[in-house]
Amino acid sequence: MGRLPLILHVMEITGVLAFAISGVVDARKQRFDAVGTFVVAFATAFGGGTVRDVLLDRRPFYWVDHEGYVILIFAMSLGASFVLRVVSRVASERVMIGADAIGLGLFSVTGTSLALVAQMTPTVAVMMGIISSVFGGVVRDVLCNEVPMILRDRSPYATCAFVGCWVYVGLTWLQAEQELALLAGAVTIVATRLLSVRFDWKLPS
Amino acid sequence: MGRLPLILHVMEITGVLAFAISGVVDARKQRFDAVGTFVVAFATAFGGGTVRDVLLDRRPFYWVDHEGYVILIFAMSLGASFVLRVVSRVASERVMIGADAIGLGLFSVTGTSLALVAQMTPTVAVMMGIISSVFGGVVRDVLCNEVPMILRDRSPYATCAFVGCWVYVGLTWLQAEQELALLAGAVTIVATRLLSVRFDWKLPS
Amino acid sequence: MGRLPLILHVMEITGVLAFAISGVVDARKQRFDAVGTFVVAFATAFGGGTVRDVLLDRRPFYWVDHEGYVILIFAMSLGASFVLRVVSRVASERVMIGADAIGLGLFSVTGTSLALVAQMTPTVAVMMGIISSVFGGVVRDVLCNEVPMILRDRSPYATCAFVGCWVYVGLTWLQAEQELALLAGAVTIVATRLLSVRFDWKLPS
């Protein structure tokens with residue numbers, strides 16, 4: 001059990017990096033300059049958590065408390081070409097999907113957790129969890145002048161987050177140890193997400 | 001006078017349903033899945049009030065306090081086809097325009113009321129009232145990657161809200177009973193909106 | 001030194017007018033009605049500062065405290081054609097670029113200043129400063145259904161703000177008089193912005 005905080009921390013770093021790199025990739029596709037790359041990468045990585053914190057009236061923001069990430073994303077934006085070269089050599093598309101799933105998983109359950117701490121009901125807390133992980137991509141898509149993928153894509157992305165957040169809520173209600181509940185919920189999300197990609201599950205339209 | 005709270009409450013339910021259903025209709029047009037339908041319906045119904053509450057630093061949000069609506073919209077998103085079949089049988093386009101006008105009317109004056117309670121000046125309070133009723137549609141249009149109707153449409157939608165909010169403010173200044181002032185303002189908005197539709201009034205471009 | 005507050009105040013009025021007028025011009029281009037013109041002009045002038053105040057949890061908003069600007073922008077929206085005729089006669093494109101640069105300069109450093117007062121680190125404070133001046137244009141572009149200029153434009157707009165905000169932060173750290181630091185930072189931004197326009201500097205893509 002002593003390794004749980006470390007596992008969760010590694011998942012967190014993986015998630016932030018995955019989301020930020022996906023933002024850098026999207027900014028490059030749109031031929032944005034370094035400013036645009038920073039905005040898109042930052043929005044993807046921290047947009048969801050920031051919207052959740054504004055709704056929950058919660059301060060300080062995660063990125064205010066962990067300034068290292070801001071500086072890292074700033075550096076990634078200045079050296080975007082370099083970042084993309086390294087990433088394409090080190091990480092195949094499967095690795096990126098897996099890292100993104102880890103981000104989806106962890107940010108969803110931690111967002112739900114923060115909402116429960118803020119006295120939200122389980123239903124609202126699950127919504128807040130999904131907003132935490134998914135809304136960064138929504139902000140990114142709106143800035144890139146596209147319909148957010150999460151709305152039109154029939155892949156069960158937010159649905160996986162939904163399932164895992166309720167697993168977390170259920171374990172919390174059963175008084176499981178916090179870190180165990182977080183990990184279980186996150187793993188549920190990662191598993192359902194990877195299965196849905198592997199077997200190409202689709203939501204009905 | 002005893003029936004006023006009931007009338008206002010019925011108007012509130014009508015407004016939330018009208019806005020949510022219009023969101024479901026728009027999501028269907030865009031071929032969104034259930035997740036997208038929920039987001040669009042929820043944004044249309046509660047987006048304006050949520051933006052107003054964030055600006056006024058007011059918690060809890062209406063939908064956090066009235067969770068039944070969240071669950072109802074969730075159910076409507078899962079059974080969107082069913083909802084649309086029922087609605088098209090029960091409610092003609094006229095009924096939908098009328099229900100939407102009731103939502104516009106009530107949300108505008110209640111928003112203005114909340115802003116006055118928060119010590120805003122009448123001018124800012126009227127702005128907050130219009131944001132409460134109109135911004136949900138703006139959020140919906142931005143998510144659907146369209147220029148918000150309220151900006152380009154020359155129909156006097158926000159203008160009707162503007163007129164009714166000032167009627168409410170005026171009656172409040174004259175120390176009329178709150179529920180009477182709210183109803184008078186809301187009815188003004190509904191009447192001017194329906195008249196503008198009936199006679200096809202247009203704002204100058 | 002006694003003239004500094006007056007200079008800063010004149011810069012502030014210039015900036016608000018410049019941003020609001022640019023919003024009126026954009027709204028006209030899109031053929032918006034008076035409602036749309038008000039929303040776009042208001043978003044451009046006060047959108048950035050409002051987003052910064054929401055992130056910093058800071059109230060009251062500048063435009064709530066300075067209602068005269070709200071009423072002025074309302075009047076400009078009603079008489080948009082008149083405003084544009086006057087502006088095109090009085091102000092060449094150069095004057096508009098200069099006035100916009102003054103707005104960029106002043107709003108950036110005052111935003112940074114407010115963030116430092118709110119106990120933000122210099123890095124976050126500079127981000128807040130740039131958000132204050134630049135995000136209004138982002139909100140305007142999103143409402144007009146365009147990719148925000150600041151993201152795709154390779155002109156160093158936000159970069160000039162970045163440089164000047166650090167000048168302000170540096171002078172503050174050196175314990176220079178507040179108004180002098182604000183003016184120096186703002187002038188740095190105006191100068192770099194005008195130079196970048198004059199010599200057509202471009203950021204690498």
# chains A, B, ... in the order shown; residues from 1 in each chain; ligands from 1

call {"tool": "closest_atom_pairs", "arguments": {"of": "chain B", "to": "chain A", "cutoff": "8 Å", "atoms": "only C-alpha atoms", "output": "CSV"}}
result
residue,atom,partner,partner_atom,distance
B:Gln30,CA,A:Arg152,CA,7.7
B:Arg31,CA,A:Ser205,CA,6.7
B:Phe32,CA,A:Arg152,CA,4.6
B:Asp33,CA,A:Ser205,CA,4.8
B:Ala34,CA,A:Ser205,CA,7.2
B:Val35,CA,A:Leu151,CA,6.2
B:Gly36,CA,A:Leu151,CA,3.8
B:Thr37,CA,A:Leu151,CA,7.4
B:Val39,CA,A:Leu151,CA,7.6
B:Val54,CA,A:Leu55,CA,7.2
B:Val64,CA,A:Val124,CA,6.8
B:Glu67,CA,A:Val124,CA,7.8
B:Val142,CA,A:Val142,CA,7.3
B:Leu143,CA,A:Val147,CA,6.0
B:Cys144,CA,A:Val147,CA,5.5
B:Asn145,CA,A:Val147,CA,5.2

call {"tool": "write_last_selection", "arguments": {"atoms": "N, CA and C atoms", "output": "PDB file, in the first residue's frame"}}
result
ATOM      1  N   GLN B  30     -27.045  18.062 -35.107  1.00  0.00           N
ATOM      2  CA  GLN B  30     -25.603  17.961 -35.322  1.00  0.00           C
ATOM      3  C   GLN B  30     -25.119  16.513 -35.250  1.00  0.00           C
ATOM      4  N   ARG B  31     -26.093  15.579 -35.031  1.00  0.00           N
ATOM      5  CA  ARG B  31     -25.755  14.155 -34.928  1.00  0.00           C
ATOM      6  C   ARG B  31     -24.767  13.881 -33.784  1.00  0.00           C
ATOM      7  N   PHE B  32     -24.982  14.552 -32.654  1.00  0.00           N
ATOM      8  CA  PHE B  32     -24.149  14.273 -31.504  1.00  0.00           C
ATOM      9  C   PHE B  32     -24.592  12.974 -30.838  1.00  0.00           C
ATOM     10  N   ASP B  33     -23.679  12.358 -30.089  1.00  0.00           N
ATOM     11  CA  ASP B  33     -24.079  11.178 -29.333  1.00  0.00           C
ATOM     12  C   ASP B  33     -24.723  11.608 -28.013  1.00  0.00           C
ATOM     13  N   ALA B  34     -24.995  10.648 -27.123  1.00  0.00           N
ATOM     14  CA  ALA B  34     -25.700  10.969 -25.876  1.00  0.00           C
ATOM     15  C   ALA B  34     -24.902  11.946 -25.018  1.00  0.00           C
ATOM     16  N   VAL B  35     -23.563  11.796 -25.035  1.00  0.00           N
ATOM     17  CA  VAL B  35     -22.714  12.712 -24.262  1.00  0.00           C
ATOM     18  C   VAL B  35     -22.868  14.136 -24.788  1.00  0.00           C
ATOM     19  N   GLY B  36     -22.779  14.272 -26.112  1.00  0.00           N
ATOM     20  CA  GLY B  36     -22.911  15.595 -26.716  1.00  0.00           C
ATOM     21  C   GLY B  36     -24.287  16.175 -26.485  1.00  0.00           C
ATOM     22  N   THR B  37     -25.321  15.296 -26.524  1.00  0.00           N
ATOM     23  CA  THR B  37     -26.679  15.772 -26.300  1.00  0.00           C
ATOM     24  C   THR B  37     -26.814  16.303 -24.880  1.00  0.00           C
ATOM     25  N   VAL B  39     -24.423  17.492 -22.917  1.00  0.00           N
ATOM     26  CA  VAL B  39     -23.662  18.733 -22.768  1.00  0.00           C
ATOM     27  C   VAL B  39     -24.415  19.912 -23.362  1.00  0.00           C
ATOM     28  N   VAL B  54     -21.083  32.673 -11.634  1.00  0.00           N
ATOM     29  CA  VAL B  54     -19.625  32.809 -11.551  1.00  0.00           C
ATOM     30  C   VAL B  54     -19.260  34.297 -11.496  1.00  0.00           C
ATOM     31  N   VAL B  64     -26.958  22.643  -8.886  1.00  0.00           N
ATOM     32  CA  VAL B  64     -26.386  21.878  -7.782  1.00  0.00           C
ATOM     33  C   VAL B  64     -27.459  21.738  -6.697  1.00  0.00           C
ATOM     34  N   GLU B  67     -30.886  19.096  -8.119  1.00  0.00           N
ATOM     35  CA  GLU B  67     -30.229  18.021  -8.856  1.00  0.00           C
ATOM     36  C   GLU B  67     -31.198  17.244  -9.750  1.00  0.00           C
ATOM     37  N   VAL B 142     -21.537  28.184 -29.410  1.00  0.00           N
ATOM     38  CA  VAL B 142     -20.075  28.108 -29.478  1.00  0.00           C
ATOM     39  C   VAL B 142     -19.625  26.644 -29.510  1.00  0.00           C
ATOM     40  N   LEU B 143     -20.261  25.787 -28.689  1.00  0.00           N
ATOM     41  CA  LEU B 143     -19.909  24.365 -28.687  1.00  0.00           C
ATOM     42  C   LEU B 143     -20.247  23.706 -30.027  1.00  0.00           C
ATOM     43  N   CYS B 144     -21.314  24.170 -30.662  1.00  0.00           N
ATOM     44  CA  CYS B 144     -21.695  23.612 -31.966  1.00  0.00           C
ATOM     45  C   CYS B 144     -20.949  24.308 -33.093  1.00  0.00           C
ATOM     46  N   ASN B 145     -19.956  25.108 -32.723  1.00  0.00           N
ATOM     47  CA  ASN B 145     -19.116  25.793 -33.707  1.00  0.00           C
ATOM     48  C   ASN B 145     -19.921  26.684 -34.656  1.00  0.00           C
TER      49      ASN B 145
END

call {"tool": "residues_around", "arguments": {"residues": "Thr50 in chain A", "least_positions_apart": "4", "cutoff": "10 Å", "atoms": "only C-alpha atoms", "output": "list in words"}}
result
Ala43, Ala45, Phe46, Val54, Leu55, Leu56, Arg58, Arg59, Pro60, Phe61, Tyr62, Trp63, Ile131, Ser132, Phe135 and Gly136 of chain A; Leu55 of chain C

call {"tool": "select_by_dssp", "arguments": {"residues": "range 23-93 of chain B", "states": "alpha helix (DSSP H)", "output": "number ranges by chain"}}
result
B: 23-29, 34-55, 62-65, 67-78, 80-90, 93

call {"tool": "residues_around", "arguments": {"residues": "Cys160 in chain B", "least_positions_apart": "4", "cutoff": "9 Å", "atoms": "only C-alpha atoms", "output": "list in words"}}
result
Leu104, Gly105, Pro156, Gly164, Cys165, Thr188, Ile189, Val190, Ala191, Thr192, Arg193 and Ser196 of chain B

call {"tool": "residues_around", "arguments": {"residues": "Ile73 in chain A", "least_positions_apart": "4", "cutoff": "8 Å", "atoms": "only C-alpha atoms", "output": "list in words"}}
result
Ala20, Phe38, Ala41, Phe42, Tyr69 and Ser77 of chain A

call {"tool": "closest_residue", "arguments": {"among": "A:Val169, A:Ala176, A:Val24, A:Leu4", "to": "Gly79 in chain A", "atoms": "only C-alpha atoms"}}
result
A:Val24
